[in-house]
Amino acid sequence: MKKSITRSISAMFMAGVMMLSVAGCGCSESPKQSDVKSSTASTASTVSKAEKAKQEDPLSLWTKDAPLKKELTEYMKAITDKNGKDFIPVEDRIAVFDMDGTLCCETDPGYFDHKLLYHRVVEDPDYKDKASDEEKETAEIIKQYFETGEYPEGLDLKHGKAVATAFKGMTLDEFDAYVKAYRDEPMESYTNMTNGEAFYKPMVQVTDYLIANDFKVYIVSGTDRLITRGLADGAIDIPLSQMIGSDETLVASGQGDSDGLDYTFASDDKVITGGDFVVKNLKMNKVSVIAQEIGQQPVLAFGNSSGDAAMANYTINNNKYKSGAYMLCCDDTERENGKPEKAEKMLATCEENGYTAVSMKNDWTTIYGDDVNKK
């Protein structure tokens with residue numbers, strides 16, 4: 001081993017002497033050295049072009065004639081021009097996004113949080129035998145919704161209450177881990193994609209574009225707040241503190257039946273789910289929670305259903321700044337579980353209310369990526 005090391009050092013020394021000799025005599029670089037330099041420069045050039053292309057077209061997954069792409073590009077130029085009449089100060093650049101059907105897949109065969117509850121109550125070997133009659137009844141209604149595609153009246157509240165009770169007593173970390181374990185399960189209707197990967201790539205580009213232009217971006221979802229965080233965490237570049245959803249009670253692990261006004265959090269306490277449903281964050285409730293938690297009127301809103309209309313109207317009406325609302329139409333039946341009839345209704349709603357319609361079919365060059373296919 002020592003002889004081998006000695007030979008290596010000697011070889012390195014001789015190579016160094018030869019290089020110094022070449023440099024000292026003013027000789028030109030050897031062909032190999034030139035090749036290396038040329039290759040490095042070429043690579044640097046390629047990277048530079050790629051980065052430049054990305055900067056020039058941050059909405060590259062949108063077709064050239066997509067209305068959102070045109071409008072948002074012009075909008076950004078206008079509101080970032082400090083000398084322009086439409087300039088919006090950084091602190092007032094607020095954008096709100098619905099999640100299911102706006103940022104990620106909504107029906108496979110139903111909402112992620114509905115699939116999660118059904119799994120908990122019907123399939124989870126550690127819980128299904130403990131599920132209450134009310135939870136089982138809600139799971140049966142959810143099953144019917146999955147099979148028919150028709151959303152039953154009254155399910156919003158039943159589902160919210162069942163989520164609260166079915167996950168009662170979990171710490172926040174335990175609940176988050178449960179959600180993330182289920183988000184890693186494969187999607188039913190697609191190949192090469194899990195629940196957590198089912199985010200619309202063109203819409204993720206929109207959030208990135210806004211953030212790059214100093215927007216504060218919020219998710220305002222009808223899905224439970226803790227489930228929203230567990231699903232979107234890492235899939236999209238938005239802090240957990242800017243993910244708002246439906247709410248259930250949270251209590252201290254040692255609190256028991258005491259009211260929060262009568263109990264002081266102790267050193268050995270943990271925050272756990274309390275088991276009571278608080279509010280379903282849809283329609284006017286979205287406006288209320290924006291006013292309460294954000295404290296500012298957004299200038300941009302993105303949604304996909306009637307549950308987002310109040311949020312959109314709040315954004316574009318009586319706004320001191322240039323504003324806009326965009327609604328996704330689920331019209332792609334080849335790459336997505338589209339619903340043409342629902343898409344037509346949303347298109348009409350956009351025309352009536354001054355929203356800009358987004359066609360999944362016509363405006364996006366891809367939805368989930370080229371390696372994902374609908375079964």
# chains A, B, ... in the order shown; residues from 1 in each chain; ligands from 1
$ select_by_dssp --residues "segment 153-265 of chain A" --states "alpha helix (DSSP H)" --output "MDAnalysis selection string"
chainID A and resid 155:166 172:183 201:212 225:232
$ residues_around --residues "segment 211-226 of chain A" --least-positions-apart "5" --cutoff "7 Å" --atoms "only C-alpha atoms" --output "list in words"
Val90, Arg93, Ile94, Ala95, Val96, Phe97, Asp98, Met99, Asp113, Ile238, Gln242, Met243, Ile244, Gly245, Ser246, Asp247, Lys280, Asn281, Leu282 and Lys286 of chain A
$ atom_distance --atom1 "atom CA of Pro89 of chain A" --atom2 "atom CA of Leu72 of chain A"
16.9 Å
$ atom_distance --atom1 "atom CA of Gln205 of chain A" --atom2 "atom CA of Ala348 of chain A"
26.0 Å
$ select_by_dssp --residues "segment 103-342 of chain A" --states "strand (DSSP E or B)" --output "ChimeraX atom specification"
/A:104,171,186,190-191,194,199,216-224,233,236,243-252,271-279,300-303,324-329
$ write_last_selection --atoms "N, CA and C atoms" --output "tab-separated table (two decimals), in the first residue's frame"
chain	number	residue	atom	x	y	z
A	104	CYS	N	-55.57	20.94	-7.92
A	104	CYS	CA	-55.33	19.49	-8.01
A	104	CYS	C	-56.60	18.77	-8.43
A	171	THR	N	-52.65	13.76	17.66
A	171	THR	CA	-51.81	14.95	17.69
A	171	THR	C	-51.73	15.49	16.27
A	186	PRO	N	-51.68	5.23	-4.77
A	186	PRO	CA	-51.87	5.52	-6.20
A	186	PRO	C	-53.27	6.01	-6.53
A	190	TYR	N	-55.52	6.83	-12.91
A	190	TYR	CA	-54.32	7.21	-13.65
A	190	TYR	C	-53.17	6.26	-13.39
A	191	THR	N	-52.24	6.22	-14.35
A	191	THR	CA	-51.01	5.46	-14.17
A	191	THR	C	-49.91	6.40	-13.71
A	194	THR	N	-49.59	9.32	-7.76
A	194	THR	CA	-50.22	9.15	-6.45
A	194	THR	C	-51.18	10.31	-6.19
A	199	PHE	N	-51.41	17.26	-8.74
A	199	PHE	CA	-51.55	18.71	-8.83
A	199	PHE	C	-51.38	19.12	-10.29
A	216	LYS	N	-48.33	37.31	-2.31
A	216	LYS	CA	-48.54	36.38	-1.20
A	216	LYS	C	-49.73	35.51	-1.60
A	217	VAL	N	-49.48	34.23	-1.75
A	217	VAL	CA	-50.48	33.31	-2.30
A	217	VAL	C	-51.06	32.44	-1.18
A	218	TYR	N	-52.39	32.37	-1.16
A	218	TYR	CA	-53.10	31.58	-0.15
A	218	TYR	C	-53.93	30.49	-0.82
A	219	ILE	N	-54.02	29.34	-0.17
A	219	ILE	CA	-55.02	28.33	-0.53
A	219	ILE	C	-56.20	28.56	0.40
A	220	VAL	N	-57.39	28.69	-0.17
A	220	VAL	CA	-58.62	28.84	0.61
A	220	VAL	C	-59.56	27.73	0.16
A	221	SER	N	-59.54	26.63	0.90
A	221	SER	CA	-60.18	25.39	0.45
A	221	SER	C	-61.38	24.99	1.30
A	222	GLY	N	-62.28	24.23	0.71
A	222	GLY	CA	-63.38	23.64	1.46
A	222	GLY	C	-62.95	22.38	2.20
A	223	THR	N	-61.79	21.85	1.85
A	223	THR	CA	-61.22	20.69	2.53
A	223	THR	C	-60.76	21.08	3.92
A	224	ASP	N	-60.84	20.16	4.86
A	224	ASP	CA	-60.37	20.39	6.23
A	224	ASP	C	-58.97	21.02	6.20
A	233	ASP	N	-48.60	20.14	1.26
A	233	ASP	CA	-47.25	20.37	1.77
A	233	ASP	C	-46.20	19.72	0.86
A	236	ILE	N	-46.59	22.14	-3.50
A	236	ILE	CA	-46.73	23.50	-4.01
A	236	ILE	C	-45.99	24.43	-3.05
A	243	MET	N	-52.31	28.22	4.17
A	243	MET	CA	-53.26	27.21	3.72
A	243	MET	C	-54.45	27.21	4.67
A	244	ILE	N	-55.60	27.66	4.17
A	244	ILE	CA	-56.81	27.81	4.98
A	244	ILE	C	-57.84	26.80	4.49
A	245	GLY	N	-58.58	26.20	5.44
A	245	GLY	CA	-59.60	25.23	5.05
A	245	GLY	C	-60.72	25.17	6.05
A	246	SER	N	-61.57	24.16	5.94
A	246	SER	CA	-62.62	23.94	6.92
A	246	SER	C	-61.96	23.59	8.26
A	247	ASP	N	-62.69	23.84	9.34
A	247	ASP	CA	-62.06	23.68	10.65
A	247	ASP	C	-62.81	22.73	11.58
A	248	GLU	N	-62.01	22.09	12.43
A	248	GLU	CA	-62.50	21.29	13.55
A	248	GLU	C	-61.81	21.81	14.80
A	249	THR	N	-62.31	21.45	15.97
A	249	THR	CA	-61.73	21.96	17.20
A	249	THR	C	-60.38	21.32	17.49
A	250	LEU	N	-59.52	22.08	18.15
A	250	LEU	CA	-58.23	21.60	18.65
A	250	LEU	C	-58.18	21.89	20.14
A	251	VAL	N	-57.70	20.92	20.90
A	251	VAL	CA	-57.66	21.06	22.36
A	251	VAL	C	-56.33	20.55	22.89
A	252	ALA	N	-56.12	20.71	24.19
A	252	ALA	CA	-54.93	20.16	24.84
A	252	ALA	C	-55.18	18.72	25.22
A	271	VAL	N	-51.12	19.46	21.52
A	271	VAL	CA	-52.34	19.87	20.84
A	271	VAL	C	-52.90	18.68	20.08
A	272	ILE	N	-54.18	18.37	20.29
A	272	ILE	CA	-54.82	17.24	19.63
A	272	ILE	C	-56.15	17.68	19.00
A	273	THR	N	-56.66	16.85	18.09
A	273	THR	CA	-57.95	17.13	17.48
A	273	THR	C	-59.05	16.89	18.52
A	274	GLY	N	-60.00	17.85	18.58
A	274	GLY	CA	-61.00	17.81	19.64
A	274	GLY	C	-62.26	17.03	19.33
A	275	GLY	N	-62.50	16.72	18.06
A	275	GLY	CA	-63.65	15.89	17.71
A	275	GLY	C	-64.90	16.65	17.30
A	276	ASP	N	-64.88	17.98	17.37
A	276	ASP	CA	-66.07	18.76	17.00
A	276	ASP	C	-65.82	19.54	15.72
A	277	PHE	N	-66.78	19.48	14.82
A	277	PHE	CA	-66.71	20.21	13.56
A	277	PHE	C	-67.06	21.67	13.81
A	278	VAL	N	-66.35	22.60	13.17
A	278	VAL	CA	-66.58	24.02	13.40
A	278	VAL	C	-67.27	24.68	12.20
A	279	VAL	N	-66.64	24.61	11.02
A	279	VAL	CA	-67.21	25.31	9.87
A	279	VAL	C	-66.75	24.67	8.56
A	300	LEU	N	-56.46	38.87	-6.92
A	300	LEU	CA	-56.65	37.76	-7.85
A	300	LEU	C	-57.28	36.59	-7.13
A	301	ALA	N	-58.23	35.93	-7.79
A	301	ALA	CA	-58.88	34.75	-7.22
A	301	ALA	C	-58.98	33.66	-8.29
A	302	PHE	N	-58.82	32.42	-7.85
A	302	PHE	CA	-58.85	31.27	-8.76
A	302	PHE	C	-59.72	30.19	-8.14
A	303	GLY	N	-60.69	29.69	-8.90
A	303	GLY	CA	-61.57	28.66	-8.40
A	303	GLY	C	-62.07	27.76	-9.51
A	324	GLY	N	-58.79	40.46	-10.84
A	324	GLY	CA	-59.29	39.46	-11.78
A	324	GLY	C	-59.67	38.17	-11.09
A	325	ALA	N	-60.60	37.44	-11.71
A	325	ALA	CA	-61.02	36.14	-11.20
A	325	ALA	C	-61.00	35.13	-12.33
A	326	TYR	N	-60.50	33.93	-12.05
A	326	TYR	CA	-60.35	32.89	-13.06
A	326	TYR	C	-61.01	31.61	-12.56
A	327	MET	N	-61.79	30.98	-13.43
A	327	MET	CA	-62.49	29.76	-13.08
A	327	MET	C	-62.14	28.63	-14.05
A	328	LEU	N	-61.74	27.48	-13.50
A	328	LEU	CA	-61.39	26.33	-14.33
A	328	LEU	C	-62.64	25.58	-14.77
A	329	CYS	N	-62.65	25.19	-16.04
A	329	CYS	CA	-63.73	24.39	-16.60
A	329	CYS	C	-63.22	22.98	-16.86
$ residues_around --residues "Leu59 of chain A" --least-positions-apart "4" --cutoff "9 Å" --atoms "only C-alpha atoms" --output "PyMOL selection string"
chain A and resi 54+63+69+73+202-203+205-206+209
$ write_last_selection --atoms "N, CA and C atoms" --output "PDB file, in the first residue's frame"
ATOM      1  N   LYS A  54     -36.922  29.740 -19.336  1.00  0.00           N
ATOM      2  CA  LYS A  54     -37.846  29.621 -18.204  1.00  0.00           C
ATOM      3  C   LYS A  54     -38.312  30.993 -17.748  1.00  0.00           C
ATOM      4  N   THR A  63     -51.043  27.027 -23.522  1.00  0.00           N
ATOM      5  CA  THR A  63     -51.003  27.268 -24.956  1.00  0.00           C
ATOM      6  C   THR A  63     -50.873  28.762 -25.238  1.00  0.00           C
ATOM      7  N   LYS A  69     -53.111  33.105 -19.832  1.00  0.00           N
ATOM      8  CA  LYS A  69     -51.707  33.407 -20.091  1.00  0.00           C
ATOM      9  C   LYS A  69     -51.541  34.831 -20.610  1.00  0.00           C
ATOM     10  N   THR A  73     -50.048  37.806 -18.043  1.00  0.00           N
ATOM     11  CA  THR A  73     -48.782  38.404 -18.457  1.00  0.00           C
ATOM     12  C   THR A  73     -48.905  39.923 -18.559  1.00  0.00           C
ATOM     13  N   PRO A 202     -49.840  23.142 -14.881  1.00  0.00           N
ATOM     14  CA  PRO A 202     -50.002  24.528 -15.346  1.00  0.00           C
ATOM     15  C   PRO A 202     -50.413  25.483 -14.225  1.00  0.00           C
ATOM     16  N   MET A 203     -51.209  24.995 -13.276  1.00  0.00           N
ATOM     17  CA  MET A 203     -51.642  25.858 -12.177  1.00  0.00           C
ATOM     18  C   MET A 203     -50.522  26.072 -11.161  1.00  0.00           C
ATOM     19  N   GLN A 205     -47.526  26.349 -12.055  1.00  0.00           N
ATOM     20  CA  GLN A 205     -46.766  27.413 -12.716  1.00  0.00           C
ATOM     21  C   GLN A 205     -47.344  28.793 -12.390  1.00  0.00           C
ATOM     22  N   VAL A 206     -48.662  28.885 -12.336  1.00  0.00           N
ATOM     23  CA  VAL A 206     -49.299  30.170 -12.024  1.00  0.00           C
ATOM     24  C   VAL A 206     -48.911  30.634 -10.619  1.00  0.00           C
ATOM     25  N   TYR A 209     -45.370  31.781 -10.647  1.00  0.00           N
ATOM     26  CA  TYR A 209     -45.264  33.051 -11.357  1.00  0.00           C
ATOM     27  C   TYR A 209     -45.670  34.217 -10.446  1.00  0.00           C
TER      28      TYR A 209
END
$ closest_residue --among "A:Pro298, A:Gly154, A:Pro125, A:Gly254" --to "Lys270 of chain A" --atoms "only C-alpha atoms"
A:Gly254
$ closest_residue --among "A:Asp176, A:Asp331, A:Glu135, A:Glu147" --to "Leu240 of chain A" --atoms "only C-alpha atoms"
A:Asp176
$ residues_around --residues "Lys136 of chain A" --least-positions-apart "3" --cutoff "12 Å" --atoms "only C-alpha atoms" --output "JSON, numbers by chain"
{"A": [117, 118, 119, 120, 121, 122, 123, 127, 128, 129, 130, 131, 132, 133, 139, 140, 141, 142, 143, 158, 159, 162, 163, 165, 166]}
$ write_last_selection --atoms "N, CA, C and O atoms" --output "mmCIF file, in the first residue's frame"
data_model
loop_
_atom_site.group_PDB
_atom_site.id
_atom_site.type_symbol
_atom_site.label_atom_id
_atom_site.label_comp_id
_atom_site.auth_asym_id
_atom_site.auth_seq_id
_atom_site.Cartn_x
_atom_site.Cartn_y
_atom_site.Cartn_z
ATOM 1 N N LEU A 117 -61.591 9.923 4.316
ATOM 2 C CA LEU A 117 -62.549 9.523 5.351
ATOM 3 C C LEU A 117 -63.076 8.124 5.080
ATOM 4 O O LEU A 117 -63.186 7.299 6.006
ATOM 5 N N TYR A 118 -63.402 7.842 3.825
ATOM 6 C CA TYR A 118 -63.904 6.511 3.480
ATOM 7 C C TYR A 118 -62.865 5.445 3.843
ATOM 8 O O TYR A 118 -63.209 4.395 4.405
ATOM 9 N N HIS A 119 -61.613 5.716 3.541
ATOM 10 C CA HIS A 119 -60.534 4.788 3.888
ATOM 11 C C HIS A 119 -60.472 4.589 5.401
ATOM 12 O O HIS A 119 -60.352 3.445 5.876
ATOM 13 N N ARG A 120 -60.557 5.659 6.141
ATOM 14 C CA ARG A 120 -60.472 5.594 7.605
ATOM 15 C C ARG A 120 -61.596 4.736 8.192
ATOM 16 O O ARG A 120 -61.354 3.884 9.052
ATOM 17 N N VAL A 121 -62.804 4.952 7.729
ATOM 18 C CA VAL A 121 -63.983 4.307 8.320
ATOM 19 C C VAL A 121 -64.210 2.890 7.806
ATOM 20 O O VAL A 121 -64.637 2.005 8.559
ATOM 21 N N VAL A 122 -63.901 2.643 6.546
ATOM 22 C CA VAL A 122 -64.250 1.357 5.924
ATOM 23 C C VAL A 122 -63.055 0.429 5.742
ATOM 24 O O VAL A 122 -63.192 -0.800 5.857
ATOM 25 N N GLU A 123 -61.864 0.986 5.499
ATOM 26 C CA GLU A 123 -60.724 0.152 5.101
ATOM 27 C C GLU A 123 -59.603 0.060 6.136
ATOM 28 O O GLU A 123 -58.849 -0.913 6.133
ATOM 29 N N TYR A 127 -58.957 1.130 12.602
ATOM 30 C CA TYR A 127 -60.060 1.996 13.036
ATOM 31 C C TYR A 127 -61.450 1.511 12.640
ATOM 32 O O TYR A 127 -62.425 1.790 13.336
ATOM 33 N N LYS A 128 -61.587 0.776 11.562
ATOM 34 C CA LYS A 128 -62.917 0.489 11.016
ATOM 35 C C LYS A 128 -63.865 -0.175 12.023
ATOM 36 O O LYS A 128 -65.078 0.062 11.972
ATOM 37 N N ASP A 129 -63.330 -0.963 12.941
ATOM 38 C CA ASP A 129 -64.186 -1.602 13.943
ATOM 39 C C ASP A 129 -64.580 -0.638 15.067
ATOM 40 O O ASP A 129 -65.455 -0.953 15.879
ATOM 41 N N LYS A 130 -63.917 0.525 15.104
ATOM 42 C CA LYS A 130 -64.235 1.526 16.129
ATOM 43 C C LYS A 130 -65.135 2.626 15.586
ATOM 44 O O LYS A 130 -65.616 3.471 16.345
ATOM 45 N N ALA A 131 -65.371 2.635 14.289
ATOM 46 C CA ALA A 131 -66.154 3.699 13.659
ATOM 47 C C ALA A 131 -67.577 3.742 14.202
ATOM 48 O O ALA A 131 -68.198 2.709 14.451
ATOM 49 N N SER A 132 -68.081 4.959 14.368
ATOM 50 C CA SER A 132 -69.438 5.142 14.880
ATOM 51 C C SER A 132 -70.463 4.884 13.778
ATOM 52 O O SER A 132 -70.125 4.844 12.586
ATOM 53 N N ASP A 133 -71.722 4.738 14.180
ATOM 54 C CA ASP A 133 -72.789 4.531 13.204
ATOM 55 C C ASP A 133 -72.909 5.730 12.267
ATOM 56 O O ASP A 133 -73.162 5.570 11.070
ATOM 57 N N ALA A 139 -69.957 7.336 5.350
ATOM 58 C CA ALA A 139 -69.115 6.589 4.404
ATOM 59 C C ALA A 139 -69.965 5.943 3.321
ATOM 60 O O ALA A 139 -69.562 5.891 2.145
ATOM 61 N N GLU A 140 -71.144 5.470 3.672
ATOM 62 C CA GLU A 140 -72.040 4.853 2.696
ATOM 63 C C GLU A 140 -72.547 5.901 1.694
ATOM 64 O O GLU A 140 -72.649 5.631 0.491
ATOM 65 N N ILE A 141 -72.832 7.100 2.187
ATOM 66 C CA ILE A 141 -73.268 8.186 1.300
ATOM 67 C C ILE A 141 -72.133 8.562 0.352
ATOM 68 O O ILE A 141 -72.350 8.819 -0.838
ATOM 69 N N ILE A 142 -70.916 8.588 0.889
ATOM 70 C CA ILE A 142 -69.740 8.903 0.061
ATOM 71 C C ILE A 142 -69.558 7.843 -1.026
ATOM 72 O O ILE A 142 -69.252 8.164 -2.176
ATOM 73 N N LYS A 143 -69.779 6.594 -0.673
ATOM 74 C CA LYS A 143 -69.670 5.507 -1.655
ATOM 75 C C LYS A 143 -70.650 5.712 -2.802
ATOM 76 O O LYS A 143 -70.307 5.539 -3.978
ATOM 77 N N LYS A 158 -72.266 16.570 6.913
ATOM 78 C CA LYS A 158 -72.078 15.205 7.419
ATOM 79 C C LYS A 158 -70.605 14.801 7.342
ATOM 80 O O LYS A 158 -70.055 14.208 8.269
ATOM 81 N N HIS A 159 -69.989 15.123 6.219
ATOM 82 C CA HIS A 159 -68.588 14.767 6.023
ATOM 83 C C HIS A 159 -67.701 15.523 7.015
ATOM 84 O O HIS A 159 -66.795 14.946 7.620
ATOM 85 N N ALA A 162 -68.008 13.980 10.420
ATOM 86 C CA ALA A 162 -67.408 12.641 10.467
ATOM 87 C C ALA A 162 -65.879 12.715 10.476
ATOM 88 O O ALA A 162 -65.219 11.921 11.155
ATOM 89 N N VAL A 163 -65.303 13.654 9.738
ATOM 90 C CA VAL A 163 -63.851 13.837 9.767
ATOM 91 C C VAL A 163 -63.409 14.199 11.183
ATOM 92 O O VAL A 163 -62.427 13.657 11.709
ATOM 93 N N THR A 165 -64.844 13.566 14.082
ATOM 94 C CA THR A 165 -64.950 12.470 15.056
ATOM 95 C C THR A 165 -64.021 11.305 14.733
ATOM 96 O O THR A 165 -63.447 10.688 15.631
ATOM 97 N N ALA A 166 -63.857 11.004 13.454
ATOM 98 C CA ALA A 166 -63.050 9.848 13.055
ATOM 99 C C ALA A 166 -61.563 10.036 13.364
ATOM 100 O O ALA A 166 -60.833 9.055 13.538
#
$ closest_residue --among "A:Ile316, A:Asp57, A:Tyr200, A:Thr102" --to "Thr366 of chain A" --atoms "only C-alpha atoms"
A:Tyr200
$ closest_residue --among "A:Val179, A:Lys77, A:Tyr111, A:Asp184" --to "Tyr151 of chain A" --atoms "only C-alpha atoms"
A:Tyr111
$ decode --residues "segment 92-109 of chain A" --atoms "N, CA, C and O atoms" --output "mmCIF file, in the first residue's frame"
data_model
loop_
_atom_site.group_PDB
_atom_site.id
_atom_site.type_symbol
_atom_site.label_atom_id
_atom_site.label_comp_id
_atom_site.auth_asym_id
_atom_site.auth_seq_id
_atom_site.Cartn_x
_atom_site.Cartn_y
_atom_site.Cartn_z
ATOM 1 N N ASP A 92 -49.786 44.608 -0.966
ATOM 2 C CA ASP A 92 -51.187 44.426 -1.350
ATOM 3 C C ASP A 92 -51.385 43.404 -2.468
ATOM 4 O O ASP A 92 -52.496 43.238 -2.979
ATOM 5 N N ARG A 93 -50.338 42.723 -2.833
ATOM 6 C CA ARG A 93 -50.443 41.698 -3.874
ATOM 7 C C ARG A 93 -50.859 40.370 -3.229
ATOM 8 O O ARG A 93 -50.033 39.561 -2.810
ATOM 9 N N ILE A 94 -52.143 40.168 -3.148
ATOM 10 C CA ILE A 94 -52.719 38.983 -2.502
ATOM 11 C C ILE A 94 -53.500 38.171 -3.537
ATOM 12 O O ILE A 94 -54.341 38.710 -4.263
ATOM 13 N N ALA A 95 -53.217 36.872 -3.603
ATOM 14 C CA ALA A 95 -53.951 35.975 -4.506
ATOM 15 C C ALA A 95 -54.485 34.797 -3.706
ATOM 16 O O ALA A 95 -53.797 34.263 -2.831
ATOM 17 N N VAL A 96 -55.715 34.392 -3.999
ATOM 18 C CA VAL A 96 -56.345 33.275 -3.291
ATOM 19 C C VAL A 96 -56.735 32.185 -4.285
ATOM 20 O O VAL A 96 -57.255 32.468 -5.361
ATOM 21 N N PHE A 97 -56.484 30.953 -3.897
ATOM 22 C CA PHE A 97 -56.769 29.795 -4.749
ATOM 23 C C PHE A 97 -57.615 28.781 -3.990
ATOM 24 O O PHE A 97 -57.290 28.415 -2.849
ATOM 25 N N ASP A 98 -58.663 28.319 -4.612
ATOM 26 C CA ASP A 98 -59.312 27.095 -4.165
ATOM 27 C C ASP A 98 -58.326 25.956 -4.424
ATOM 28 O O ASP A 98 -57.373 26.112 -5.198
ATOM 29 N N MET A 99 -58.536 24.797 -3.799
ATOM 30 C CA MET A 99 -57.598 23.692 -4.022
ATOM 31 C C MET A 99 -58.175 22.613 -4.938
ATOM 32 O O MET A 99 -57.733 22.461 -6.076
ATOM 33 N N ASP A 100 -59.162 21.854 -4.473
ATOM 34 C CA ASP A 100 -59.691 20.729 -5.242
ATOM 35 C C ASP A 100 -60.366 21.212 -6.528
ATOM 36 O O ASP A 100 -61.305 22.006 -6.488
ATOM 37 N N GLY A 101 -59.875 20.735 -7.660
ATOM 38 C CA GLY A 101 -60.430 21.128 -8.942
ATOM 39 C C GLY A 101 -59.842 22.408 -9.487
ATOM 40 O O GLY A 101 -60.109 22.770 -10.633
ATOM 41 N N THR A 102 -59.027 23.087 -8.675
ATOM 42 C CA THR A 102 -58.373 24.323 -9.106
ATOM 43 C C THR A 102 -56.859 24.149 -9.137
ATOM 44 O O THR A 102 -56.192 24.534 -10.100
ATOM 45 N N LEU A 103 -56.319 23.550 -8.101
ATOM 46 C CA LEU A 103 -54.888 23.266 -8.045
ATOM 47 C C LEU A 103 -54.597 21.783 -8.239
ATOM 48 O O LEU A 103 -53.496 21.415 -8.647
ATOM 49 N N CYS A 104 -55.566 20.940 -7.922
ATOM 50 C CA CYS A 104 -55.330 19.495 -8.012
ATOM 51 C C CYS A 104 -56.602 18.771 -8.431
ATOM 52 O O CYS A 104 -57.687 19.355 -8.457
ATOM 53 N N CYS A 105 -56.460 17.502 -8.734
ATOM 54 C CA CYS A 105 -57.575 16.673 -9.187
ATOM 55 C C CYS A 105 -58.698 16.651 -8.153
ATOM 56 O O CYS A 105 -58.454 16.452 -6.963
ATOM 57 N N GLU A 106 -59.922 16.841 -8.631
ATOM 58 C CA GLU A 106 -61.069 16.902 -7.722
ATOM 59 C C GLU A 106 -61.831 15.584 -7.630
ATOM 60 O O GLU A 106 -62.349 15.235 -6.571
ATOM 61 N N THR A 107 -61.891 14.844 -8.707
ATOM 62 C CA THR A 107 -62.714 13.631 -8.705
ATOM 63 C C THR A 107 -61.945 12.411 -9.194
ATOM 64 O O THR A 107 -61.712 12.258 -10.388
ATOM 65 N N ASP A 108 -61.589 11.550 -8.250
ATOM 66 C CA ASP A 108 -60.938 10.283 -8.616
ATOM 67 C C ASP A 108 -61.228 9.207 -7.550
ATOM 68 O O ASP A 108 -60.309 8.787 -6.862
ATOM 69 N N PRO A 109 -62.430 8.736 -7.393
ATOM 70 C CA PRO A 109 -63.657 9.190 -8.045
ATOM 71 C C PRO A 109 -64.315 10.374 -7.339
ATOM 72 O O PRO A 109 -65.352 10.863 -7.781
#
